[in-house]
Amino acid sequence: MSFEGHYEDYVPGAVHRHWPGRTIAECDNTLFALLSMNQNPLFLDDAYAKSQPLGRRPVIDTLAFSLTVGMSVADMTGRAIANLGYDSVIFERPLFPGDSLCAESEVLEKRESASKPDRGIVAIETRAFNQNKERILVLRRQYLVPKRGNS
């Protein structure tokens with residue numbers, strides 16, 4: 001059964017596990033650093049990264065964030081009218097090239113739009129994990145979705 005993404009489909013407390021996950025390659029990390037103009041040597045220079053506390057190049061946090069949000073689209077925001085914002089983004093531990101990322105989202109709450117009766121606002125928490133089921137990041141966001149019959 002596919003998630004429809006209309007306001008009526010969201011049930012507070014429901015957890016949606018996103019599939020598939022994604023293994024992060026070293027080239028993904030390097031390309032993202034270059035595309036996003038993040039020139040911190042921690043992400044681009046192996047010798048420098050080895051001299052730092054982690055002892056190796058981590059995956060850029062914003063790459064992990066982008067992939068996590070992207071994984072949630074099919075299940076959560078495919079019909080979204082607008083992303084209203086991120087309430088919090090917490091990076092709990094590093095991800096490294098070769099790690100696999102997976103994610104799940106929990107519906108926290110929903111409410112009807114005060115100004116537009118054909119839509120509602122949904123708040124979710126999305127959690128990302130590595131292949132060892134260690135939590136990597138947690139983000140909370142709100143978005144606007146249509147009511148059934150209005151999309």
# chains A, B, ... in the order shown; residues from 1 in each chain; ligands from 1
$ select_by_dssp --residues "segment 85-135 of chain A" --states "strand (DSSP E or B)" --output "PyMOL selection string"
chain A and resi 85-91+100-112+119-129+135
$ residues_around --residues "segment 105-120 of chain A" --least-positions-apart "5" --cutoff "6 Å" --atoms "only C-alpha atoms" --output "ChimeraX atom specification"
/A:7,12-16,125-126,144-147
$ write_last_selection --atoms "C-alpha atoms" --output "PDB file, in the first residue's frame"
ATOM      1  CA  TYR A   7      -4.135  15.482   5.058  1.00  0.00           C
ATOM      2  CA  PRO A  12      -0.308  11.181  14.751  1.00  0.00           C
ATOM      3  CA  GLY A  13       2.014   8.563  16.236  1.00  0.00           C
ATOM      4  CA  ALA A  14       2.298   6.570  13.000  1.00  0.00           C
ATOM      5  CA  VAL A  15       5.870   5.685  11.998  1.00  0.00           C
ATOM      6  CA  HIS A  16       6.778   5.296   8.326  1.00  0.00           C
ATOM      7  CA  GLU A 125      10.109  13.949  13.098  1.00  0.00           C
ATOM      8  CA  THR A 126      12.508  12.134  10.784  1.00  0.00           C
ATOM      9  CA  LEU A 144       1.366  21.946   4.029  1.00  0.00           C
ATOM     10  CA  VAL A 145      -0.651  19.184   2.328  1.00  0.00           C
ATOM     11  CA  PRO A 146      -3.949  19.124   0.444  1.00  0.00           C
ATOM     12  CA  LYS A 147      -7.085  17.518   1.799  1.00  0.00           C
TER      13      LYS A 147
END
$ closest_residue --among "A:Met37, A:Leu44, A:Ile81, A:Asn29" --to "Asn150 of chain A" --atoms "only C-alpha atoms"
A:Ile81
$ residues_around --residues "Leu63 of chain A" --least-positions-apart "5" --cutoff "10 Å" --atoms "only C-alpha atoms" --output "ChimeraX atom specification"
/A:24,28-29,32-33,36,68-69,95
$ atom_distance --atom1 "atom CA of Phe129 of chain A" --atom2 "atom CA of Ser100 of chain A"
8.2 Å
$ atom_distance --atom1 "atom CA of Ala47 of chain A" --atom2 "atom CA of Thr30 of chain A"
14.5 Å
